[in-house]
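> Take a look at model-v3.pdb, PDB, C-alpha atoms, pLDDT in the B column:
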ATOM      1  CA  MET A1295     119.490 -20.949-116.600  1.00 69.00           C
ATOM      2  CA  GLU A1296     123.279 -20.666-116.742  1.00 87.00           C
ATOM      3  CA  ARG A1297     123.126 -16.832-116.629  1.00 88.00           C
ATOM      4  CA  ARG A1298     120.981 -16.938-113.462  1.00 89.00           C
ATOM      5  CA  LEU A1299     123.457 -19.268-111.757  1.00 88.00           C
ATOM      6  CA  ILE A1300     126.360 -16.930-112.563  1.00 90.00           C
ATOM      7  CA  ASP A1301     124.366 -13.934-111.268  1.00 90.00           C
ATOM      8  CA  PHE A1302     123.568 -15.837-108.081  1.00 92.00           C
ATOM      9  CA  TRP A1303     127.241 -16.631-107.369  1.00 92.00           C
ATOM     10  CA  VAL A1304     128.331 -13.086-108.179  1.00 92.00           C
ATOM     11  CA  GLY A1305     125.733 -11.814-105.700  1.00 92.00           C
ATOM     12  CA  ILE A1306     126.995 -14.209-103.005  1.00 94.00           C
ATOM     13  CA  PHE A1307     130.580 -13.092-103.652  1.00 93.00           C
ATOM     14  CA  VAL A1308     129.662  -9.380-103.415  1.00 94.00           C
ATOM     15  CA  ALA A1309     127.672  -9.966-100.187  1.00 94.00           C
ATOM     16  CA  MET A1310     130.649 -11.786 -98.635  1.00 95.00           C
ATOM     17  CA  GLY A1311     132.933  -8.899 -99.638  1.00 93.00           C
ATOM     18  CA  ILE A1312     130.629  -6.343 -98.009  1.00 94.00           C
ATOM     19  CA  ALA A1313     130.400  -8.442 -94.831  1.00 92.00           C
ATOM     20  CA  ALA A1314     134.203  -8.815 -94.669  1.00 91.00           C
ATOM     21  CA  THR A1315     134.689  -5.060 -95.147  1.00 90.00           C
ATOM     22  CA  ALA A1316     132.194  -4.293 -92.363  1.00 87.00           C
ATOM     23  CA  PHE A1317     133.896  -6.793 -90.035  1.00 86.00           C
ATOM     24  CA  ILE A1318     137.359  -5.295 -90.637  1.00 83.00           C
ATOM     25  CA  SER A1319     136.045  -1.744 -90.239  1.00 78.00           C
ATOM     26  CA  LEU A1320     134.459  -2.557 -86.886  1.00 74.00           C
ATOM     27  CA  ASN A1321     137.636  -4.217 -85.614  1.00 72.00           C
ATOM     28  CA  VAL A1322     139.838  -1.301 -86.659  1.00 69.00           C
ATOM     29  CA  ALA A1323     137.447   1.219 -85.066  1.00 64.00           C
ATOM     30  CA  ASN A1324     137.136  -0.825 -81.824  1.00 57.00           C
ATOM     31  CA  LEU A1325     133.370  -0.966 -82.163  1.00 55.00           C
ATOM     32  CA  THR A1326     133.051  -4.677 -81.592  1.00 52.00           C
ATOM     33  CA  THR A1327     131.439  -6.057 -78.451  1.00 49.00           C
ATOM     34  CA  SER A1328     132.975  -4.550 -75.373  1.00 50.00           C
ATOM     35  CA  THR A1329     133.549  -7.566 -73.130  1.00 55.00           C
ATOM     36  CA  SER A1330     132.903 -11.276 -73.092  1.00 66.00           C
ATOM     37  CA  GLY A1331     131.584 -11.744 -69.564  1.00 77.00           C
ATOM     38  CA  PRO A1332     130.463 -10.021 -66.371  1.00 89.00           C
ATOM     39  CA  THR A1333     132.331  -6.822 -65.579  1.00 91.00           C
ATOM     40  CA  TYR A1334     133.014  -4.319 -62.834  1.00 93.00           C
ATOM     41  CA  GLU A1335     133.680  -0.602 -63.212  1.00 94.00           C
ATOM     42  CA  VAL A1336     136.546   1.421 -61.784  1.00 95.00           C
ATOM     43  CA  ILE A1337     137.436   5.059 -62.305  1.00 94.00           C
ATOM     44  CA  ALA A1338     140.887   6.353 -63.238  1.00 94.00           C
ATOM     45  CA  GLU A1339     141.617  10.080 -63.001  1.00 92.00           C
ATOM     46  CA  PHE A1340     144.170  11.691 -65.319  1.00 93.00           C
ATOM     47  CA  GLU A1341     145.511  15.224 -65.733  1.00 90.00           C
ATOM     48  CA  ASN A1342     145.399  14.761 -69.512  1.00 88.00           C
ATOM     49  CA  ILE A1343     143.792  11.917 -71.457  1.00 90.00           C
ATOM     50  CA  GLY A1344     145.151  13.016 -74.846  1.00 84.00           C
ATOM     51  CA  GLY A1345     143.188  11.291 -77.606  1.00 85.00           C
ATOM     52  CA  LEU A1346     141.749   8.476 -75.499  1.00 90.00           C
ATOM     53  CA  LYS A1347     138.308   7.489 -76.746  1.00 91.00           C
ATOM     54  CA  VAL A1348     135.322   5.585 -75.398  1.00 93.00           C
ATOM     55  CA  LYS A1349     135.626   1.836 -76.177  1.00 91.00           C
ATOM     56  CA  ALA A1350     139.429   2.060 -76.232  1.00 91.00           C
ATOM     57  CA  PRO A1351     141.057  -1.118 -74.911  1.00 92.00           C
ATOM     58  CA  VAL A1352     142.154  -1.517 -71.305  1.00 93.00           C
ATOM     59  CA  LYS A1353     145.187  -3.795 -71.145  1.00 93.00           C
ATOM     60  CA  ASN A1354     147.091  -5.562 -68.408  1.00 93.00           C
ATOM     61  CA  SER A1355     150.473  -6.961 -69.496  1.00 90.00           C
ATOM     62  CA  GLY A1356     149.389  -6.482 -73.120  1.00 87.00           C
ATOM     63  CA  VAL A1357     146.194  -8.522 -72.720  1.00 91.00           C
ATOM     64  CA  ILE A1358     142.860  -6.770 -73.253  1.00 92.00           C
ATOM     65  CA  VAL A1359     140.983  -7.021 -69.949  1.00 93.00           C
ATOM     66  CA  GLY A1360     138.296  -4.427 -70.597  1.00 93.00           C
ATOM     67  CA  ARG A1361     137.212  -1.240 -72.360  1.00 94.00           C
ATOM     68  CA  VAL A1362     136.860   2.454 -71.585  1.00 94.00           C
ATOM     69  CA  LYS A1363     133.157   2.911 -70.909  1.00 94.00           C
ATOM     70  CA  GLU A1364     132.924   6.665 -70.330  1.00 94.00           C
ATOM     71  CA  ILE A1365     135.143   9.766 -70.274  1.00 95.00           C
ATOM     72  CA  TYR A1366     134.157  12.918 -68.415  1.00 94.00           C
ATOM     73  CA  LEU A1367     135.608  15.969 -66.690  1.00 93.00           C
ATOM     74  CA  ASP A1368     135.521  15.941 -62.895  1.00 87.00           C
ATOM     75  CA  THR A1369     134.985  19.662 -62.373  1.00 86.00           C
ATOM     76  CA  GLY A1370     135.592  19.452 -58.625  1.00 88.00           C
ATOM     77  CA  LYS A1371     139.151  18.206 -59.133  1.00 86.00           C
ATOM     78  CA  ASN A1372     139.581  19.660 -62.640  1.00 89.00           C
ATOM     79  CA  MET A1373     140.773  16.284 -63.890  1.00 90.00           C
ATOM     80  CA  ALA A1374     139.642  13.989 -66.671  1.00 92.00           C
ATOM     81  CA  ALA A1375     138.108  10.765 -65.427  1.00 93.00           C
ATOM     82  CA  ALA A1376     137.786   7.553 -67.392  1.00 94.00           C
ATOM     83  CA  LYS A1377     135.306   4.912 -66.293  1.00 95.00           C
ATOM     84  CA  LEU A1378     136.883   1.532 -67.065  1.00 95.00           C
ATOM     85  CA  GLU A1379     134.815  -1.600 -67.580  1.00 95.00           C
ATOM     86  CA  ILE A1380     136.979  -4.582 -66.552  1.00 94.00           C
ATOM     87  CA  GLU A1381     136.072  -8.244 -66.861  1.00 94.00           C
ATOM     88  CA  GLN A1382     135.522  -9.908 -63.482  1.00 90.00           C
ATOM     89  CA  ALA A1383     137.953 -12.660 -64.387  1.00 90.00           C
ATOM     90  CA  TYR A1384     140.748 -10.106 -63.881  1.00 91.00           C
ATOM     91  CA  HIS A1385     141.218  -8.934 -60.300  1.00 88.00           C
ATOM     92  CA  LEU A1386     143.405  -5.904 -59.635  1.00 91.00           C
ATOM     93  CA  SER A1387     144.732  -4.829 -56.258  1.00 91.00           C
ATOM     94  CA  ILE A1388     143.732  -1.495 -54.734  1.00 92.00           C
ATOM     95  CA  ASP A1389     147.217  -0.081 -55.383  1.00 91.00           C
ATOM     96  CA  ALA A1390     147.053  -0.776 -59.133  1.00 94.00           C
ATOM     97  CA  SER A1391     148.217   1.981 -61.477  1.00 94.00           C
ATOM     98  CA  ALA A1392     146.876   3.158 -64.834  1.00 94.00           C
ATOM     99  CA  SER A1393     148.737   4.821 -67.712  1.00 93.00           C
ATOM    100  CA  ILE A1394     147.672   5.999 -71.149  1.00 92.00           C
ATOM    101  CA  TYR A1395     149.859   4.709 -73.976  1.00 89.00           C
ATOM    102  CA  THR A1396     149.800   4.884 -77.751  1.00 85.00           C
ATOM    103  CA  SER A1397     150.074   1.823 -79.968  1.00 80.00           C
ATOM    104  CA  GLY A1398     150.100   1.064 -83.637  1.00 68.00           C
ATOM    105  CA  LEU A1399     150.650   3.143 -86.735  1.00 62.00           C
ATOM    106  CA  LEU A1400     147.313   4.909 -86.411  1.00 65.00           C
ATOM    107  CA  GLY A1401     148.169   6.107 -82.905  1.00 73.00           C
ATOM    108  CA  GLU A1402     145.369   4.292 -81.105  1.00 83.00           C
ATOM    109  CA  GLN A1403     145.505   5.109 -77.414  1.00 88.00           C
ATOM    110  CA  TYR A1404     144.713   2.618 -74.672  1.00 92.00           C
ATOM    111  CA  VAL A1405     144.796   2.375 -70.894  1.00 93.00           C
ATOM    112  CA  SER A1406     147.503   0.123 -69.484  1.00 93.00           C
ATOM    113  CA  LEU A1407     146.969  -1.265 -65.990  1.00 94.00           C
ATOM    114  CA  GLN A1408     149.804  -2.349 -63.735  1.00 93.00           C
ATOM    115  CA  ASP A1409     148.751  -4.514 -60.813  1.00 90.00           C
ATOM    116  CA  GLY A1410     150.047  -3.629 -57.363  1.00 87.00           C
ATOM    117  CA  TYR A1411     151.072  -5.737 -54.385  1.00 90.00           C
ATOM    118  CA  GLU A1412     148.220  -5.267 -51.914  1.00 88.00           C
ATOM    119  CA  SER A1413     146.039  -8.279 -51.186  1.00 89.00           C
ATOM    120  CA  GLU A1414     142.819  -6.223 -51.161  1.00 90.00           C
ATOM    121  CA  LYS A1415     141.212  -6.097 -54.619  1.00 90.00           C
ATOM    122  CA  LEU A1416     139.432  -3.281 -56.464  1.00 90.00           C
ATOM    123  CA  LYS A1417     135.650  -3.405 -56.333  1.00 90.00           C
ATOM    124  CA  SER A1418     133.084  -1.842 -58.623  1.00 91.00           C
ATOM    125  CA  GLY A1419     133.035   1.925 -58.136  1.00 90.00           C
ATOM    126  CA  ASP A1420     136.579   2.179 -56.717  1.00 92.00           C
ATOM    127  CA  THR A1421     139.058   4.740 -58.025  1.00 91.00           C
ATOM    128  CA  ILE A1422     142.596   4.159 -59.271  1.00 92.00           C
ATOM    129  CA  PHE A1423     144.686   7.018 -57.887  1.00 88.00           C
ATOM    130  CA  LEU A1424     148.115   6.092 -59.262  1.00 90.00           C
ATOM    131  CA  THR A1425     147.838   7.320 -62.851  1.00 90.00           C
ATOM    132  CA  SER A1426     150.130   8.574 -65.580  1.00 87.00           C
ATOM    133  CA  SER A1427     148.638  10.889 -68.193  1.00 84.00           C
ATOM    134  CA  ALA A1428     149.004  10.629 -71.940  1.00 79.00           C
ATOM    135  CA  ILE A1429     152.140  12.047 -73.504  1.00 74.00           C
ATOM    136  CA  VAL A1430     151.122  14.804 -75.893  1.00 71.00           C
ATOM    137  CA  LEU A1431     153.615  14.944 -78.776  1.00 70.00           C
ATOM    138  CA  GLU A1432     152.939  18.615 -79.528  1.00 72.00           C
ATOM    139  CA  LYS A1433     153.778  19.559 -75.935  1.00 74.00           C
ATOM    140  CA  LEU A1434     157.062  17.638 -76.063  1.00 74.00           C
ATOM    141  CA  ILE A1435     158.057  19.292 -79.331  1.00 81.00           C
ATOM    142  CA  GLY A1436     157.167  22.713 -77.922  1.00 81.00           C
ATOM    143  CA  GLU A1437     159.288  22.145 -74.813  1.00 80.00           C
ATOM    144  CA  TYR A1438     162.211  20.946 -76.936  1.00 81.00           C
ATOM    145  CA  MET A1439     161.988  23.992 -79.197  1.00 82.00           C
ATOM    146  CA  PHE A1440     161.720  26.339 -76.185  1.00 79.00           C
ATOM    147  CA  ASN A1441     164.776  24.750 -74.540  1.00 81.00           C
ATOM    148  CA  LYS A1442     166.778  25.001 -77.785  1.00 74.00           C
ATOM    149  CA  ALA A1443     165.812  28.673 -78.117  1.00 73.00           C
ATOM    150  CA  ASN A1444     166.919  29.356 -74.521  1.00 75.00           C
ATOM    151  CA  GLU A1445     170.292  27.696 -75.167  1.00 75.00           C
ATOM    152  CA  GLY A1446     170.958  30.200 -77.939  1.00 65.00           C
ATOM    153  CA  VAL A1447     170.103  33.195 -75.697  1.00 63.00           C
ATOM    154  CA  GLY A1448     172.756  32.404 -73.074  1.00 57.00           C
ATOM    155  CA  LYS A1449     175.686  32.336 -75.527  1.00 56.00           C
TER     156      LYS A1449
END
Please express what this file holds, its structure, as structure tokens.

Amino acid sequence: MERRLIDFWVGIFVAMGIAATAFISLNVANLTTSTSGPTYEVIAEFENIGGLKVKAPVKNSGVIVGRVKEIYLDTGKNMAAAKLEIEQAYHLSIDASASIYTSGLLGEQYVSLQDGYESEKLKSGDTIFLTSSAIVLEKLIGEYMFNKANEGVGK
């Protein structure tokens, strides 16, 4: 009887450990539920989205207000487009801007929204035109190295 009780508690402990590991993994991978209420969708077009992924957070003043729902290439404009799912509790003006930033040690990328000053608000299906693309570290290093090499040529 005592052996069965010990086995039972060990099983409960192992199950709780597996559940905690799954919970942490989902939070780190941003695979938890996307939003907590009704949403509307807007599109933001970028020249370069870097490593932005579907379900990446959309933040306004550091607060998560939505998620990236879809990423695709707009072949007509030759630009990357991100469909953003924003909670209806957060209203953005039509002159809002979107930027792609990197946060954390793992380099998670997210979309940062900056509200504008117009009184008219974005509606579902609208496009954010004021965007700033992701900064690609490799491109910056390449430009720095190229500039340093050109400095040596002129001497």
> Show me as a list in words the residues that reach within 8 Å of (153.4, 5.7, -74.2), counting all atoms listed in the file and using the file's own coordinates.
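Using all atoms listed in the file, the matching residues come out as Ile1394, Tyr1395, Thr1396, Ser1397, Ala1428 and Ile1429 of chain A.
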> What does the distance between atom CA of A:Val1352 and atom CA of A:Glu1339 come to in Å, to one decimal place?
14.3 Å
> At a cut-off of 10 Å, using all atoms listed in the file, what residues contact stretch 1387-1390 of chain A? Leave out same-chain residues fewer than 5 positions from it and give the result as a ChimeraX atom specification.
/A:1407-1417,1420-1425
> Box time for stretch 1374-1388 of chain A: axis-aligned, enclosing all its listed atoms, 3 Å extra on each side; report centre and edge lengths in Å to one decimal, as lines of an AutoDock Vina configuration file.

center_x = 139.8
center_y = 0.7
center_z = -61.2
size_x = 15.9
size_y = 32.6
size_z = 18.8
> As an exercise, work out the distance from atom CA of A:His1385 to atom CA of A:Gly1345 in Å and give it to one decimal place.
26.7 Å
> Considering all atoms listed in the file, return as a list in words whatever protein or nucleic-acid residues lie within 12 Å of A:Val1357, sequence-local ones (same chain, fewer than 3 positions apart) excluded.
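Here the qualifying residues turn out to be Pro1351, Val1352, Lys1353, Asn1354, Gly1360, Arg1361, Ile1380, Glu1381, Tyr1384, Tyr1404, Val1405, Ser1406, Leu1407 and Gln1408 of chain A.
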> Record the distance separating atom CA of A:Gln1382 and atom CA of A:Ile1358, expressed in Å with one decimal.
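Going from atom CA of A:Gln1382 over to atom CA of A:Ile1358 covers 12.6 Å.
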> Restricting the calculation to only C-alpha atoms, which member of A:Thr1333, A:Thr1315, A:Ser1426, A:Ala1392 is positioned closest to A:Lys1363?
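Comparing A:Thr1333, A:Thr1315, A:Ser1426, A:Ala1392 against A:Lys1363, the winner is A:Thr1333.
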> Once the PyMOL selection byres ((chain A and resi 1419) around 6) is applied to the coordinates I shared, what remains selected? I want it as a ChimeraX atom specification.
/A:1335-1336,1418,1420
> When distances are computed from only C-alpha atoms, which of A:Ala1376, A:Val1362, A:Ile1343, A:Ala1383 shows the smallest separation from A:Ser1427?
A:Ile1343
> I need the output of the PyMOL selection byres ((chain A and resi 1366) around 9) for this file as JSON, numbers by chain; which residues are they?
{"A": [1364, 1365, 1367, 1368, 1373, 1374, 1375, 1376, 1377]}
> Could you write stretch 1346-1357 of chain A as a short mmCIF file (atom, residue, chain, number, x, y, z; two decimals), keeping the file's coordinate frame, with all heavy atoms rebuilt where they are missing?

data_model
loop_
_atom_site.label_atom_id
_atom_site.label_comp_id
_atom_site.auth_asym_id
_atom_site.auth_seq_id
_atom_site.Cartn_x
_atom_site.Cartn_y
_atom_site.Cartn_z
N LEU A 1346 142.44 9.69 -75.95
CA LEU A 1346 141.75 8.48 -75.50
C LEU A 1346 140.27 8.57 -75.83
O LEU A 1346 139.66 9.62 -75.66
CB LEU A 1346 141.94 8.28 -73.99
CG LEU A 1346 141.41 6.98 -73.41
CD1 LEU A 1346 142.26 5.80 -73.89
CD2 LEU A 1346 141.40 7.04 -71.89
N LYS A 1347 139.70 7.50 -76.33
CA LYS A 1347 138.31 7.49 -76.75
C LYS A 1347 137.52 6.41 -75.99
O LYS A 1347 138.09 5.46 -75.47
CB LYS A 1347 138.21 7.20 -78.24
CG LYS A 1347 139.02 8.16 -79.10
CD LYS A 1347 138.19 8.75 -80.17
CE LYS A 1347 138.94 9.66 -81.10
NZ LYS A 1347 139.70 10.73 -80.56
N VAL A 1348 136.21 6.60 -75.95
CA VAL A 1348 135.32 5.58 -75.40
C VAL A 1348 135.48 4.32 -76.24
O VAL A 1348 135.64 4.38 -77.46
CB VAL A 1348 133.86 6.08 -75.40
CG1 VAL A 1348 132.91 4.98 -74.98
CG2 VAL A 1348 133.72 7.30 -74.50
N LYS A 1349 135.44 3.17 -75.60
CA LYS A 1349 135.63 1.84 -76.18
C LYS A 1349 137.08 1.52 -76.51
O LYS A 1349 137.37 0.52 -77.15
CB LYS A 1349 134.74 1.62 -77.41
CG LYS A 1349 133.27 1.61 -77.07
CD LYS A 1349 132.45 1.08 -78.21
CE LYS A 1349 130.98 1.07 -77.80
NZ LYS A 1349 130.12 0.56 -78.81
N ALA A 1350 138.01 2.37 -76.06
CA ALA A 1350 139.43 2.06 -76.23
C ALA A 1350 139.76 0.87 -75.34
O ALA A 1350 139.14 0.68 -74.28
CB ALA A 1350 140.28 3.26 -75.84
N PRO A 1351 140.72 0.05 -75.73
CA PRO A 1351 141.06 -1.12 -74.91
C PRO A 1351 141.70 -0.74 -73.58
O PRO A 1351 142.39 0.27 -73.47
CB PRO A 1351 142.05 -1.90 -75.78
CG PRO A 1351 142.27 -1.14 -77.00
CD PRO A 1351 141.46 0.11 -76.97
N VAL A 1352 141.46 -1.58 -72.59
CA VAL A 1352 142.15 -1.52 -71.31
C VAL A 1352 142.98 -2.80 -71.24
O VAL A 1352 142.43 -3.89 -71.34
CB VAL A 1352 141.16 -1.43 -70.13
CG1 VAL A 1352 141.90 -1.49 -68.80
CG2 VAL A 1352 140.32 -0.18 -70.22
N LYS A 1353 144.30 -2.64 -71.09
CA LYS A 1353 145.19 -3.80 -71.14
C LYS A 1353 145.95 -3.96 -69.84
O LYS A 1353 146.26 -2.99 -69.17
CB LYS A 1353 146.20 -3.64 -72.29
CG LYS A 1353 145.56 -3.57 -73.67
CD LYS A 1353 146.61 -3.43 -74.74
CE LYS A 1353 145.98 -3.36 -76.12
NZ LYS A 1353 147.00 -3.24 -77.18
N ASN A 1354 146.23 -5.21 -69.53
CA ASN A 1354 147.09 -5.56 -68.41
C ASN A 1354 148.13 -6.53 -68.96
O ASN A 1354 147.77 -7.60 -69.44
CB ASN A 1354 146.28 -6.19 -67.28
CG ASN A 1354 147.09 -6.40 -66.02
OD1 ASN A 1354 148.29 -6.17 -66.00
ND2 ASN A 1354 146.43 -6.84 -64.97
N SER A 1355 149.38 -6.16 -68.93
CA SER A 1355 150.47 -6.96 -69.50
C SER A 1355 150.24 -7.26 -70.97
O SER A 1355 150.57 -8.33 -71.46
CB SER A 1355 150.65 -8.26 -68.72
OG SER A 1355 150.95 -8.00 -67.38
N GLY A 1356 149.62 -6.33 -71.69
CA GLY A 1356 149.39 -6.48 -73.12
C GLY A 1356 148.12 -7.24 -73.48
O GLY A 1356 147.78 -7.34 -74.64
N VAL A 1357 147.42 -7.76 -72.49
CA VAL A 1357 146.19 -8.52 -72.72
C VAL A 1357 145.00 -7.61 -72.48
O VAL A 1357 144.93 -6.92 -71.46
CB VAL A 1357 146.12 -9.74 -71.78
CG1 VAL A 1357 144.81 -10.50 -71.96
CG2 VAL A 1357 147.31 -10.66 -72.00
#
